[in-house]
Number of protein chains: 4
Amino acid sequence: MNRDSQTELQREERETGRIEAFSDGVFAIAITLLVLDLKVPRAIREPATLARSLFTQWPTFAAYLTSFITIGIMWINHHQLFTVIRRVDHMLLILNLLLLLMITFIPFPTSLLAEYFGHSGEFLAAQLYAATFFFASVFFNLLWRHASHGHRLLSHQADQELVRGISKSYAFGPIFYLIILAVSFWSVEISVIMSFALALFFALPKRAVVRHLPTKS
Amino acid sequence: MNRDSQTELQREERETGRIEAFSDGVFAIAITLLVLDLKVPRAIREPATLARSLFTQWPTFAAYLTSFITIGIMWINHHQLFTVIRRVDHMLLILNLLLLLMITFIPFPTSLLAEYFGHSGEFLAAQLYAATFFFASVFFNLLWRHASHGHRLLSHQADQELVRGISKSYAFGPIFYLIILAVSFWSVEISVIMSFALALFFALPKRAVVRHLPTKS
Amino acid sequence: MNRDSQTELQREERETGRIEAFSDGVFAIAITLLVLDLKVPRAIREPATLARSLFTQWPTFAAYLTSFITIGIMWINHHQLFTVIRRVDHMLLILNLLLLLMITFIPFPTSLLAEYFGHSGEFLAAQLYAATFFFASVFFNLLWRHASHGHRLLSHQADQELVRGISKSYAFGPIFYLIILAVSFWSVEISVIMSFALALFFALPKRAVVRHLPTKS
Amino acid sequence: MNRDSQTELQREERETGRIEAFSDGVFAIAITLLVLDLKVPRAIREPATLARSLFTQWPTFAAYLTSFITIGIMWINHHQLFTVIRRVDHMLLILNLLLLLMITFIPFPTSLLAEYFGHSGEFLAAQLYAATFFFASVFFNLLWRHASHGHRLLSHQADQELVRGISKSYAFGPIFYLIILAVSFWSVEISVIMSFALALFFALPKRAVVRHLPTKS
C-alpha cells in the first residue's frame with residue numbers, strides 16, 4: 001500500500017510536470033510574440049522621421065508593456081497555483097486549455113488597440129482588450145475552483161489558510177476586469193491605465209501567499 | 001541485475017522526458033502561432049469600419065478556434081499516451097516527428113480556409129484542412145500501434161484494459177476525418193462544423209482512460 | 001567521498017538538463033517557424049486560381065519538407081548525443097550555441113531557395129542552403145569531438161564502441177554536405193534532391209546506436 | 001525536522017525548475033525570432049540581383065549575429081546563476097520578468113538598427129540598441145544582488161569565492177554598455193563593433209566560475 005501510494009505520487013508529479021511544461025511554453029511564446037507588434041518604420045523617408053514615428057507609436061508601446069506585464073503576472077500566478085495543485089484530471093486539462101486560449105489570444109486585441117488608439121473604433125478595441133483579460137481571469141478562477149474544491153487536486157500538504165487566501169484574492173480579478181470593461185465604453189485612456197495599474201497591483205506579493213514562501217533559514 | 005534494471009529505468013525516464021519536452025514545445029508554438037492568422041484591419045479608414053471588418057473575418061475566428069481546440073486536444077492525447085509509453089526507440093522518434101510535421105502544418109490550411117471561405121477555392125481549402133487532420137490522426141494511430149504492439153514500449157504497469165481502450169478510441173479518428181474529408185467535397189460549412197464538433201467530442205473524457213486517472217483519495 | 005560524488009552527479013544531471021531544455025526549445029521553434037514560409041495566396045482573384053497558385057509554390061513545399069526533416073533528424077541526433085554526454089563545460093555551451101545559430105538560421109535559406117527556385121539567383125540560394133547544412137554538421141562534429149575527447153564530458157557508463165560508432169557516422173555529415181555544396185554550383189535540382197535524400201538517410205537508425213537502444217525486456 | 005528540510009528542498013528544486021523552464025522558453029523564442037528580421041528579397045527582379053541585395057543587407061546580418069550571440073551569452077549567464085540560486089521569492093520572479101522583458105525586446109532595436117544603418121535616424125537606432133543591452137545588464141545585476149544578498153536565495157553549498165567572483169564580473173556589464181551608449185552618440189559603427197566585441201568577451205569563460213565547473217575526474 002505504501003509502495004502503491006509512492007508510485008502514485010511519482011505519476012502525479014509527472015502529470016503536473018508536463019501540464020506545467022506545456023503551459024510554460026505557451027506563456028513564453030505568447031509573451032515573446034508581443035514584440036512582433038512593434039513595427040519598424042521604413043527607412044526610406046525624410047530625415048529626422050524616426051524619432052517622430054516611434055513617438056507616434058507610443059500606444060503600441062503602452063499596450064505592449066501592459067500585455068507583457070499581464071501575461072508575466074498570469075504566469076507567476078499559474079506557477080504559484082501549481083506549487084499547490086499536484087493532481088491532474090481531464091477537466092483540469094480542459095480548463096487549462098481554455099485559459100491558454102485566452103493567453104494566446106492577447107497579442108490580437110493588443111495590436112488591435114495599438115492600431116486603433118486615437119481613431120474611430122478605439123472603443124471596440126478597448127472593449128475587446130478588457131474582455132480578453134476578463135475571460136482570462138474567469139478561466140483562472142474556474143481552474144482554481146475545480147482544483148481546490150474539496151481539496152480535489154491539491155497536495156495533501158497544502159495549507160488550508162493558503163488555499164482560502166488564493167481563493168479570495170483570485171475572486172477580485174473578474175470583478176476588477178468587469179469594471180475596466182464597463183469603463184472602456186466611456187473612456188479608452190482610463191480603461192488602459194486601469195489595466196496597467198491592475199497588472200502592477202497583481203505584481204505585488206499577496207499576503208497569504210508570501211507568508212508561505214520559502215524564507216531565509 | 002537489480003541495479004542494472006534501475007539505471008535502465010532511469011535512462012528510459014530521461015529518454016521519454018526529452019521527447020515529451022520537444023513535443024510540448026512544438027505543440028505550444030503551433031497553438032500560439034495560430035493567433036498570427038488573425039489580421040488587424042488597418043486603422044486609416046472610414047468610421048465604424050472596425051466592427052464590420054472584424055465581423056467579415058468571422059471564418060478566420062472559427063478556423064482559429066477549431067484549430068486551437070484540435071491542437072489542444074491532440075496535446076492532451078499525446079500527453080496521455082506518454083503516461084503509458086515509457087521507452088523510446090528510433091521508430092517512435094520518427095513517427096513522433098511525422099505527427100509533429102502535421103501539427104506544425106495546421107496553421108497553413110487554417111489560414112488558407114479562413115482566406116478562401118466564401119470564395120472560389122474554398123472546397124480545395126476545406127479538403128486540405130480535413131486532410132491535414134486526417135493524416136495527423138493516422139500518425140497518432142501509427143505511433144500508438146508501434147508503441148503498444150506486444151507492449152513494446154509501454155510501462156510494465158500499463159493496464160491491459162486501458163491499452164485496449166486507447167487503441168479502440170483512437171481507431172475512430174482516421175475514420176471520422178475521412179468522412180469529414182468526403183463531406184468537404186460537397187459542403188464546406190458542414191465539414192468545418194463537423195471538424196469543430198469532432199474536436200469537442202475528443203475533448204470529452206474517454207471512459208477507459210478516466211477510470212485510471214488519479215482520483216480523490 | 002561517496003556522498004560528494006553523488007551530489008556532483010546530481011548537479012551534472014541538472015546542468016545537461018537545462019542545456020537540453022534550451023536546445024529543445026530552439027529546435028522546436030525553428031522547426032515550427034518553417035510553416036510561416038508557406039504563403040497563403042490572396043483570395044480576391046480569378047476562379048480556380050488556388051490549386052494553380054499552390055502548385056506553383058511546390059518548391060516552397062519541397063524546401064519546407066526538407067528543412068523540417070533535417071531539423072527533426074538533427075534534434076534526434078542532438079537528443080542521442082545527450083544520452084551519452086553528462087557533463088557541461090563552457091566550451092560545450094559555446095559550441096552548442098553555434099550549432100543552434102545554424103539551426104535557427106535554416107528558415108532563412110529555406111525561404112530564399114523557395115523564392116528563387118526557377119529564377120536567376122537560384123544557384124546562390126542553393127549554395128547558401130547547402131552551406132548552412134554544412135556548417136550545422138561541422139558544429140555537430142566539433143561539439144561531439146569536444147565532449148568525447150578522452151571521455152571528457154561523457155557518462156562513465158558510455159560504451160567505447162558506441163562512442164566510436166557515433167564519431168564515425170558523424171564524420172560523414174560534413175563530407176556529404178560539402179559534396180552537395182559542390183553539386184549546387186552545377187545543378188540546383190540535384191543538390192536539393194540530395195539534401196532530401198541525405199536527411200532520409202540520417203533518419204535511418206545507425207547500427208552502432210541501435211544495438212544499445214533499450215529493447216523489449 | 002530532517003524530513004521537513006528534505007521536502008522543503010524538493011519544493012525549492014521544483015520552484016527554480018519552473019522559473020528556469022519559463023526563462024529557457026523565452027530565451028529560446030527570442031533568439032529564434034531574430035531570423036524573421038532577415039528579409040528575403042522578392043524574386044521577380046532583374047538578373048544577378050540576389051547577391052547584391054543580400055550584400056546590401058549586411059548590417060542586418062551583423063545585427064542578427066550580435067543579438068544572437070548576446071542573447072546566447074545572457075542565457076549561459078542566466079543558466080550559471082541558477083546553478084547557484086536555489087530558492088525563489090516574489091521579488092526574484094518580478095526581477096526575472098523585467099530581465100525577460102529586455103530580452104524579448106531585443107529583436108525590435110535589432111531590426112530598427114538594421115533598417116536605419118546608413119540612413120538618417122541611425123544614431124537613435126544605435127542608442128536604443130545600446131540602451132536595451134544596458135537595461136538588460138542592469139536587471140541581471142539587480143536579480144543577482146537580490147538573490148545573493150546575505151546568501152538570501154543561494155544554495156547552502158554555494159562557494160563564497162564563486163559568489164564574489166560573479167558579483168565582480170557582473171558589475172562590469174552596465175558600465176561597459178553605458179560606455180557603448182555614450183559612443184553611439186558619436187559613431188554608430190564603433191558602438192556596434194563594441195557591442196559585438198563585448199558579447200565575444202562575455203563568451204570567454206570567467207576565471208572564478210571556471211575553477212568551479214565540473215572537471216574530468
# chains A, B, ... in the order shown; residues from 1 in each chain; ligands from 1
$ residues_around --residues "B:Pro59" --least-positions-apart "4" --cutoff "8 Å" --atoms "only C-alpha atoms" --output "JSON, numbers by chain"
{"B": [63, 113, 114, 117]}
$ write_last_selection --atoms "C-alpha atoms" --output "short mmCIF file (atom, residue, chain, number, x, y, z; two decimals), in the first residue's frame"
data_model
loop_
_atom_site.label_atom_id
_atom_site.label_comp_id
_atom_site.auth_asym_id
_atom_site.auth_seq_id
_atom_site.Cartn_x
_atom_site.Cartn_y
_atom_site.Cartn_z
CA ALA B 63 -10.95 28.30 -38.08
CA LEU B 113 -9.50 28.09 -45.18
CA ALA B 114 -10.00 31.44 -43.46
CA PHE B 117 -14.08 30.70 -47.15
#
$ select_by_dssp --residues "stretch 2-216 of chain C" --states "alpha helix (DSSP H)" --output "ChimeraX atom specification"
/C:2-33,49-56,58-81,90-105,107-116,122-148,160-184,188-203,207-210
$ residues_around --residues "stretch 194-197 of chain D" --least-positions-apart "2" --cutoff "8 Å" --atoms "only C-alpha atoms" --output "ChimeraX atom specification"
/D:66,70,130,177,180,190-192,199-201
$ interface_residues --of "chain B" --to "chain C" --cutoff "8 Å" --atoms "only C-alpha atoms" --output "PyMOL selection string"
chain B and resi 8+11-12+15+18+21-23+25-26+29-30+87-90+93-94+97+101+104-105+107-108+111-112+115-116+119-121+124+152-153
$ residues_around --residues "D:Phe123" --least-positions-apart "3" --cutoff "8 Å" --atoms "only C-alpha atoms" --output "list in words"
Ser120, Ala126, Gln127, Ser184, Phe185, Ser187 and Val188 of chain D
$ write_last_selection --atoms "C-alpha atoms" --output "CSV table (one decimal), in the first residue's frame"
chain,number,residue,atom,x,y,z
D,120,SER,CA,19.3,59.4,-41.0
D,126,ALA,CA,22.1,52.6,-32.2
D,127,GLN,CA,21.2,54.4,-29.0
D,184,SER,CA,26.7,55.6,-30.1
D,185,PHE,CA,26.0,59.3,-29.9
D,187,SER,CA,29.8,56.8,-34.0
D,188,VAL,CA,27.2,54.1,-34.9
$ closest_residue --among "D:Ala125, D:Ile103, D:Ala147, D:Ile175" --to "D:Ser67" --atoms "only C-alpha atoms"
D:Ile103
$ atom_distance --atom1 "atom CA of A:Ile106" --atom2 "atom CA of A:Ala62"
14.1 Å
$ closest_residue --among "A:Thr56, A:Glu189, A:Ser167, A:Asp159" --to "A:Arg145" --atoms "only C-alpha atoms"
A:Ser167
$ residues_around --residues "C:Phe172" --least-positions-apart "5" --cutoff "12 Å" --atoms "only C-alpha atoms" --output "VMD selection string"
chain C and resid 134 137 to 138 140 to 141 165 to 167 177 to 179 198 201 to 202
